Amino acid sequence: MAKDTPEKVDAKEEPKNFFGIFMHELTRGSLLIPILAIITGLILGGFFVAITTEEVYTTWSQSPLEAIGLGFEAAFKSYAALFNGSIGNPGRIINALNGGDAQAIRSAFNPFLESLTKSVPYIFGGLAVALGFRAGLFNIGAEGQIFIGAMTSVYVGYAVTGLPAIIHIPLALGAGFLGGALWGFIPGWLKAKTGGHEVINTIMMNYIAFRLTEYMLRGPLQRPETTNPISPFIQASAELPRFFGPPIRFHLGFILAIIAAYAVYWLLFKTRWGFDLRTVGANPNAARYAGMNITLVTVAAMSLSGGLAGLAGANEVLGVNHTLAPAFSSGFGFDSIALALIGKSHPVGVVLAAILFGTLRNGAIQMQIAAQVPIDIISVMQALILAFIAAPAIIRSIYRLRAPEQEDEGVFVRGWGG
């Protein structure tokens with residue numbers, strides 16, 4: 001009996017709602033390794049907190065057992081501060097809920113809402129890189145595409161006046177998407193038409209985007225009343241609306257990011273074009289033999305990837321900063337590569353990994369203030385998590401997991417000669 005076609009298998013196995021997708025991936029085991037990698041990275045992160053605490057060093061020579069206890073105490077204190085800064089203080093949340101004061105409740109949940117806000121550019125950027133991975137393309141240019149998307153959206157945000165928010169916001173978001181898409185189209189076209197490798201081209205496009213943004217902020221986009229490289233503030237009609245008002249910064253961007261994640265999932269697993277894209281990424285020779293237009297898929301995939309990255313830049317301009325400066329991005333595009341790997345290039349995995357990174361980054365500030373732990377420890381945790389994701393055999397060995405008989409569909413990035 002002939003096997004089901006890939007389209008039928010996808011339609012039969014994949015659930016339709018976002019929560020169902022997550023549970024489906026978890027029960028299949030495709031998210032088990034990333035989850036265990038995260039837990040292991042956090043455990044080792046606590047170890048690094050302990051061994052980098054000065055009090056542990058000074059006590060070790062006098063009483064090793066006491067030093068070990070101090071190490072556990074330092075790790076617990078740092079993670080408590082991380083939790084309070086990223087999720088919220090449980091006691092404060094309970095008291096606010098019991099009190100019933102709306103302002104107190106919003107303030108108690110503000111750390112968690114702030115973490116979600118910080119995760120938005122990671123979601124857009126991670127989706128951008130993951131989409132490229134699915135097409136067999138390594139889009140290292142997400143950071144440059146974020147810059148171009150921010151630059152085009154900030155221009156539409158402040159230069160276009162007299163529009164209602166219902167028109168101005170989509171227009172500014174669309175400008176950010178198109179700016180990033182253009183910056184992704186160029187290396188995509190070069191890859192499809194000349195064979196130029198997208199890794200080299202996107203790296204070069206990053207530097208062009210950085211210098212172009214700096215030039216524009218010192219020239220046409222510079223705020224008139226200052227000599228600093230910064231743009232004018234966008235119009236109030238272009239600002240993404242906040243759900244709870246200031247000082248809480250939770251805005252429409254997170255909802256848009258979740259919608260984008262579901263749209264990418266639907267595109268990849270529910271459409272004919274998505275099947276073509278995944279086939280080209282898995283085996284371009286088979287795709288060509290089947291009559292698929294590899295040139296169109298490559299150019300479209302890189303353009304769409306760039307557009308998603310551009311939305312990350314637009315989000316920072318329209319929802320957070322309301323202006324543009326050269327250092328507005330803290331490396332969202334480069335972190336997005338790790339996010340796509342942690343999420344195994346699946347939109348659900350990318351969203352979860354992005355929320356994790358946003359939570360860690362938001363809580364790191366409180367961890368540094370309250371527990372006197374260097375913020376670089378968060379980067380160490382992220383590096384450990386990524387290392388375990390890249391080497392799943394280590395996780396299987398630690399937790400005595402059986403290797404799967406058949407690998408799930410994952411990242412398909414061809415080599416330098418691909």
# chains A, B, ... in the order shown; residues from 1 in each chain; ligands from 1

call {"tool": "closest_atom_pairs", "arguments": {"of": "stretch 301-353 of chain A", "to": "stretch 221-242 of chain A", "cutoff": "7 Å", "atoms": "only C-alpha atoms", "output": "tab-separated table"}}
result
residue	atom	partner	partner_atom	distance
A:Leu318	CA	A:Glu239	CA	4.9
A:Gly319	CA	A:Leu240	CA	4.9
A:His322	CA	A:Ile234	CA	5.6
A:Thr323	CA	A:Phe233	CA	4.8
A:Leu324	CA	A:Ser231	CA	5.3
A:Ala325	CA	A:Ile230	CA	4.7

call {"tool": "residues_around", "arguments": {"residues": "A:Gly331", "least_positions_apart": "4", "cutoff": "9 Å", "atoms": "only C-alpha atoms", "output": "ChimeraX atom specification"}}
result
/A:143,335-336

call {"tool": "write_last_selection", "arguments": {"atoms": "N, CA, C and O atoms", "output": "mmCIF file, in the first residue's frame"}}
result
data_model
loop_
_atom_site.group_PDB
_atom_site.id
_atom_site.type_symbol
_atom_site.label_atom_id
_atom_site.label_comp_id
_atom_site.auth_asym_id
_atom_site.auth_seq_id
_atom_site.Cartn_x
_atom_site.Cartn_y
_atom_site.Cartn_z
ATOM 1 N N GLU A 143 20.117 40.719 11.709
ATOM 2 C CA GLU A 143 20.422 41.955 12.433
ATOM 3 C C GLU A 143 20.375 43.167 11.497
ATOM 4 O O GLU A 143 19.803 44.205 11.840
ATOM 5 N N ASP A 335 21.082 36.789 18.171
ATOM 6 C CA ASP A 335 20.458 35.856 19.117
ATOM 7 C C ASP A 335 19.377 35.019 18.435
ATOM 8 O O ASP A 335 19.090 33.896 18.879
ATOM 9 N N SER A 336 18.796 35.560 17.383
ATOM 10 C CA SER A 336 17.722 34.839 16.696
ATOM 11 C C SER A 336 18.213 33.544 16.071
ATOM 12 O O SER A 336 17.438 32.597 15.911
#

call {"tool": "closest_residue", "arguments": {"among": "A:Ile375, A:Ile259, A:Leu296, A:Leu178", "to": "A:Trp273", "atoms": "only C-alpha atoms"}}
result
A:Leu296

call {"tool": "residues_around", "arguments": {"residues": "A:Asp376", "least_positions_apart": "2", "cutoff": "12 Å", "atoms": "only C-alpha atoms", "output": "list in words"}}
result
Gly45, Phe48, Val49, Thr52, Leu360, Arg361, Ala364, Ile365, Met367, Gln368, Gln372, Val373, Pro374, Ile378, Ser379, Val380, Met381, Gln382 and Ala383 of chain A

call {"tool": "write_last_selection", "arguments": {"atoms": "all heavy atoms", "output": "compact mmCIF listing (two decimals), in the first residue's frame"}}
result
# COMPACT_ATOMS: atom_id res chain seq x y z
N GLY A 45 24.21 27.01 35.15
CA GLY A 45 24.30 28.44 35.40
C GLY A 45 24.38 28.74 36.88
O GLY A 45 25.13 29.62 37.32
N PHE A 48 27.87 28.15 38.04
CA PHE A 48 28.77 29.26 37.73
C PHE A 48 28.54 30.45 38.66
O PHE A 48 29.49 31.16 39.01
CB PHE A 48 28.58 29.70 36.27
CG PHE A 48 29.32 28.85 35.29
CD1 PHE A 48 28.66 27.90 34.53
CD2 PHE A 48 30.69 28.98 35.13
CE1 PHE A 48 29.34 27.10 33.63
CE2 PHE A 48 31.39 28.20 34.23
CZ PHE A 48 30.71 27.25 33.47
N VAL A 49 27.28 30.67 39.06
CA VAL A 49 27.01 31.72 40.04
C VAL A 49 27.73 31.41 41.34
O VAL A 49 28.35 32.30 41.96
CB VAL A 49 25.49 31.86 40.28
CG1 VAL A 49 25.22 32.75 41.50
CG2 VAL A 49 24.80 32.43 39.06
N THR A 52 31.61 31.83 41.14
CA THR A 52 32.06 33.20 40.90
C THR A 52 31.69 34.15 42.04
O THR A 52 31.88 35.36 41.92
CB THR A 52 31.46 33.75 39.59
OG1 THR A 52 30.03 33.62 39.62
CG2 THR A 52 32.00 32.99 38.39
N LEU A 360 14.89 35.79 30.55
CA LEU A 360 16.24 35.83 31.11
C LEU A 360 16.82 37.24 31.04
O LEU A 360 17.43 37.72 32.00
CB LEU A 360 17.14 34.84 30.38
CG LEU A 360 16.86 33.35 30.61
CD1 LEU A 360 17.77 32.49 29.73
CD2 LEU A 360 17.06 32.97 32.07
N ARG A 361 16.65 37.89 29.91
CA ARG A 361 17.20 39.23 29.74
C ARG A 361 16.52 40.24 30.67
O ARG A 361 17.17 41.13 31.21
CB ARG A 361 17.04 39.68 28.28
CG ARG A 361 18.02 39.04 27.32
CD ARG A 361 19.44 39.42 27.67
NE ARG A 361 20.40 38.71 26.85
CZ ARG A 361 21.73 38.76 27.05
NH1 ARG A 361 22.20 39.47 28.05
NH2 ARG A 361 22.55 38.09 26.27
N ALA A 364 17.64 39.50 34.29
CA ALA A 364 19.07 39.66 34.55
C ALA A 364 19.37 40.98 35.24
O ALA A 364 20.30 41.07 36.06
CB ALA A 364 19.84 39.57 33.23
N ILE A 365 18.59 42.01 34.92
CA ILE A 365 18.83 43.32 35.53
C ILE A 365 18.59 43.25 37.04
O ILE A 365 19.40 43.72 37.84
CB ILE A 365 17.92 44.38 34.88
CG1 ILE A 365 18.20 44.45 33.37
CG2 ILE A 365 18.12 45.74 35.52
CD1 ILE A 365 17.24 45.34 32.61
N MET A 367 18.60 40.56 38.83
CA MET A 367 19.57 39.63 39.39
C MET A 367 20.90 40.35 39.68
O MET A 367 21.55 40.11 40.70
CB MET A 367 19.81 38.45 38.44
CG MET A 367 20.67 37.35 39.02
SD MET A 367 20.79 35.91 37.94
CE MET A 367 21.82 36.56 36.63
N GLN A 368 21.28 41.24 38.79
CA GLN A 368 22.51 41.99 38.98
C GLN A 368 22.39 42.97 40.15
O GLN A 368 23.33 43.14 40.93
CB GLN A 368 22.86 42.76 37.71
CG GLN A 368 24.20 43.47 37.75
CD GLN A 368 24.52 44.16 36.45
OE1 GLN A 368 23.62 44.56 35.70
NE2 GLN A 368 25.80 44.31 36.15
N GLN A 372 23.79 40.90 43.16
CA GLN A 372 25.17 41.28 42.82
C GLN A 372 25.84 40.22 41.94
O GLN A 372 27.02 39.90 42.10
CB GLN A 372 25.99 41.50 44.10
CG GLN A 372 25.45 42.59 45.00
CD GLN A 372 25.45 43.97 44.34
OE1 GLN A 372 26.45 44.39 43.78
NE2 GLN A 372 24.31 44.64 44.40
N VAL A 373 25.07 39.69 40.99
CA VAL A 373 25.58 38.68 40.07
C VAL A 373 25.81 39.36 38.71
O VAL A 373 24.92 40.07 38.23
CB VAL A 373 24.59 37.51 39.91
CG1 VAL A 373 25.06 36.55 38.84
CG2 VAL A 373 24.43 36.79 41.24
N PRO A 374 26.97 39.18 38.09
CA PRO A 374 27.21 39.82 36.80
C PRO A 374 26.17 39.42 35.77
O PRO A 374 25.77 38.26 35.69
CB PRO A 374 28.61 39.31 36.41
CG PRO A 374 29.24 38.89 37.69
CD PRO A 374 28.12 38.41 38.57
N ILE A 378 23.99 35.48 32.44
CA ILE A 378 22.85 35.16 31.58
C ILE A 378 23.35 34.72 30.21
O ILE A 378 22.84 33.76 29.61
CB ILE A 378 21.91 36.36 31.44
CG1 ILE A 378 21.26 36.67 32.79
CG2 ILE A 378 20.84 36.11 30.40
CD1 ILE A 378 20.39 35.57 33.33
N SER A 379 24.37 35.38 29.70
CA SER A 379 24.95 34.97 28.41
C SER A 379 25.57 33.59 28.51
O SER A 379 25.51 32.80 27.56
CB SER A 379 25.99 36.00 27.96
OG SER A 379 25.41 37.26 27.76
N VAL A 380 26.17 33.29 29.66
CA VAL A 380 26.74 31.96 29.88
C VAL A 380 25.63 30.91 29.85
O VAL A 380 25.77 29.84 29.23
CB VAL A 380 27.51 31.91 31.21
CG1 VAL A 380 27.94 30.47 31.53
CG2 VAL A 380 28.72 32.82 31.17
N MET A 381 24.51 31.19 30.52
CA MET A 381 23.39 30.25 30.52
C MET A 381 22.88 30.01 29.11
O MET A 381 22.63 28.87 28.70
CB MET A 381 22.25 30.79 31.39
CG MET A 381 22.54 30.87 32.86
SD MET A 381 21.13 31.53 33.77
CE MET A 381 21.85 31.76 35.40
N GLN A 382 22.72 31.10 28.34
CA GLN A 382 22.23 30.96 26.97
C GLN A 382 23.20 30.14 26.13
O GLN A 382 22.78 29.31 25.31
CB GLN A 382 22.03 32.35 26.36
CG GLN A 382 20.88 33.12 26.98
CD GLN A 382 20.78 34.53 26.44
OE1 GLN A 382 21.74 35.09 25.91
NE2 GLN A 382 19.61 35.13 26.59
N ALA A 383 24.50 30.35 26.34
CA ALA A 383 25.50 29.59 25.58
C ALA A 383 25.45 28.10 25.94
O ALA A 383 25.56 27.23 25.06
CB ALA A 383 26.90 30.16 25.84

call {"tool": "closest_atom_pairs", "arguments": {"of": "stretch 173-279 of chain A", "to": "stretch 343-348 of chain A", "cutoff": "12 Å", "atoms": "only C-alpha atoms", "output": "tab-separated table"}}
result
residue	atom	partner	partner_atom	distance
A:Ala257	CA	A:Pro347	CA	10.7
A:Ile258	CA	A:Pro347	CA	9.3
A:Ile259	CA	A:Pro347	CA	10.7
A:Ala260	CA	A:Pro347	CA	9.1
A:Ala261	CA	A:Pro347	CA	5.5
A:Tyr262	CA	A:Pro347	CA	7.2
A:Ala263	CA	A:Pro347	CA	9.1
A:Val264	CA	A:Pro347	CA	6.8
A:Tyr265	CA	A:Pro347	CA	5.8
A:Trp266	CA	A:Pro347	CA	9.6
A:Leu267	CA	A:Pro347	CA	10.6
A:Leu268	CA	A:His346	CA	9.3
A:Phe269	CA	A:His346	CA	10.1
A:Arg278	CA	A:Ser345	CA	11.1

call {"tool": "write_last_selection", "arguments": {"atoms": "C-alpha atoms", "output": "compact mmCIF listing (two decimals), in the first residue's frame"}}
result
# COMPACT_ATOMS: atom_id res chain seq x y z
CA ALA A 257 4.20 38.33 17.10
CA ILE A 258 1.98 35.39 18.12
CA ILE A 259 -0.18 35.97 15.03
CA ALA A 260 2.97 36.00 12.90
CA ALA A 261 4.12 32.73 14.48
CA TYR A 262 0.82 31.05 13.67
CA ALA A 263 0.94 32.50 10.13
CA VAL A 264 4.42 31.02 9.60
CA TYR A 265 3.23 27.68 10.96
CA TRP A 266 0.22 27.71 8.64
CA LEU A 267 2.38 28.73 5.71
CA LEU A 268 4.95 26.00 6.31
CA PHE A 269 2.69 23.09 7.16
CA ARG A 278 10.50 22.51 2.97

call {"tool": "residues_around", "arguments": {"residues": "stretch 145-160 of chain A", "least_positions_apart": "5", "cutoff": "6 Å", "atoms": "only C-alpha atoms", "output": "MDAnalysis selection string"}}
result
chainID A and resid 172 175:176 179:180 183 234:235 238 306 309:310 312:314

call {"tool": "closest_residue", "arguments": {"among": "A:His251, A:Arg396, A:Arg402, A:His197", "to": "A:Leu36", "atoms": "only C-alpha atoms"}}
result
A:Arg396

call {"tool": "residues_around", "arguments": {"residues": "A:Gly126", "least_positions_apart": "2", "cutoff": "10 Å", "atoms": "only C-alpha atoms", "output": "number ranges by chain"}}
result
A: 120-124, 128-132, 142, 261, 305, 308-309, 312, 332-343, 345-347, 349-351, 353-354

call {"tool": "residues_around", "arguments": {"residues": "A:Lys191", "least_positions_apart": "5", "cutoff": "12 Å", "atoms": "only C-alpha atoms", "output": "PyMOL selection string"}}
result
chain A and resi 136-139+184-186+196-202+294-303+416-418

call {"tool": "write_last_selection", "arguments": {"atoms": "N, CA and C atoms", "output": "short mmCIF file (atom, residue, chain, number, x, y, z; two decimals), in the first residue's frame"}}
result
data_model
loop_
_atom_site.label_atom_id
_atom_site.label_comp_id
_atom_site.auth_asym_id
_atom_site.auth_seq_id
_atom_site.Cartn_x
_atom_site.Cartn_y
_atom_site.Cartn_z
N GLY A 136 16.53 25.74 3.66
CA GLY A 136 17.92 25.40 3.42
C GLY A 136 18.82 26.60 3.33
N LEU A 137 18.40 27.74 3.89
CA LEU A 137 19.15 28.98 3.80
C LEU A 137 19.57 29.43 5.19
N PHE A 138 20.80 29.90 5.30
CA PHE A 138 21.32 30.37 6.58
C PHE A 138 21.31 31.90 6.56
N ASN A 139 20.26 32.47 7.09
CA ASN A 139 20.10 33.92 7.08
C ASN A 139 20.81 34.53 8.30
N GLY A 184 16.43 41.27 2.57
CA GLY A 184 16.53 39.83 2.40
C GLY A 184 16.45 39.40 0.94
N PHE A 185 15.74 40.19 0.12
CA PHE A 185 15.60 39.87 -1.29
C PHE A 185 16.95 39.86 -2.01
N ILE A 186 17.82 40.81 -1.67
CA ILE A 186 19.09 40.95 -2.39
C ILE A 186 19.95 39.70 -2.26
N GLY A 196 25.82 32.84 -5.32
CA GLY A 196 26.54 33.47 -4.22
C GLY A 196 25.99 33.01 -2.89
N HIS A 197 26.87 32.58 -2.00
CA HIS A 197 26.40 31.98 -0.75
C HIS A 197 25.76 33.03 0.13
N GLU A 198 24.60 32.68 0.68
CA GLU A 198 23.84 33.65 1.48
C GLU A 198 24.55 34.02 2.77
N VAL A 199 25.41 33.15 3.30
CA VAL A 199 26.12 33.48 4.54
C VAL A 199 27.03 34.68 4.32
N ILE A 200 27.84 34.63 3.27
CA ILE A 200 28.75 35.74 2.96
C ILE A 200 27.95 37.00 2.65
N ASN A 201 26.94 36.86 1.80
CA ASN A 201 26.18 38.03 1.37
C ASN A 201 25.42 38.69 2.52
N THR A 202 24.82 37.88 3.38
CA THR A 202 24.07 38.48 4.49
C THR A 202 25.00 39.12 5.52
N ILE A 294 12.80 26.36 -7.83
CA ILE A 294 13.74 26.59 -6.75
C ILE A 294 14.13 28.05 -6.66
N THR A 295 14.27 28.71 -7.81
CA THR A 295 14.64 30.12 -7.81
C THR A 295 13.59 30.95 -7.08
N LEU A 296 12.32 30.73 -7.41
CA LEU A 296 11.24 31.48 -6.78
C LEU A 296 11.17 31.20 -5.29
N VAL A 297 11.31 29.92 -4.90
CA VAL A 297 11.25 29.56 -3.49
C VAL A 297 12.39 30.22 -2.72
N THR A 298 13.60 30.20 -3.28
CA THR A 298 14.76 30.78 -2.60
C THR A 298 14.59 32.28 -2.40
N VAL A 299 14.22 32.98 -3.46
CA VAL A 299 14.06 34.44 -3.37
C VAL A 299 12.92 34.80 -2.43
N ALA A 300 11.80 34.10 -2.56
CA ALA A 300 10.64 34.40 -1.72
C ALA A 300 10.93 34.08 -0.26
N ALA A 301 11.62 32.98 0.01
CA ALA A 301 11.92 32.60 1.40
C ALA A 301 12.83 33.63 2.06
N MET A 302 13.86 34.07 1.35
CA MET A 302 14.76 35.06 1.92
C MET A 302 14.07 36.41 2.09
N SER A 303 13.20 36.76 1.17
CA SER A 303 12.47 38.03 1.28
C SER A 303 11.52 38.00 2.47
N TRP A 416 28.52 24.63 2.44
CA TRP A 416 29.06 25.71 1.62
C TRP A 416 28.95 25.38 0.13
N GLY A 417 28.95 24.12 -0.19
CA GLY A 417 28.85 23.77 -1.60
C GLY A 417 27.44 23.51 -2.07
N GLY A 418 26.41 23.75 -1.16
CA GLY A 418 25.04 23.43 -1.46
C GLY A 418 24.42 24.36 -2.47
#
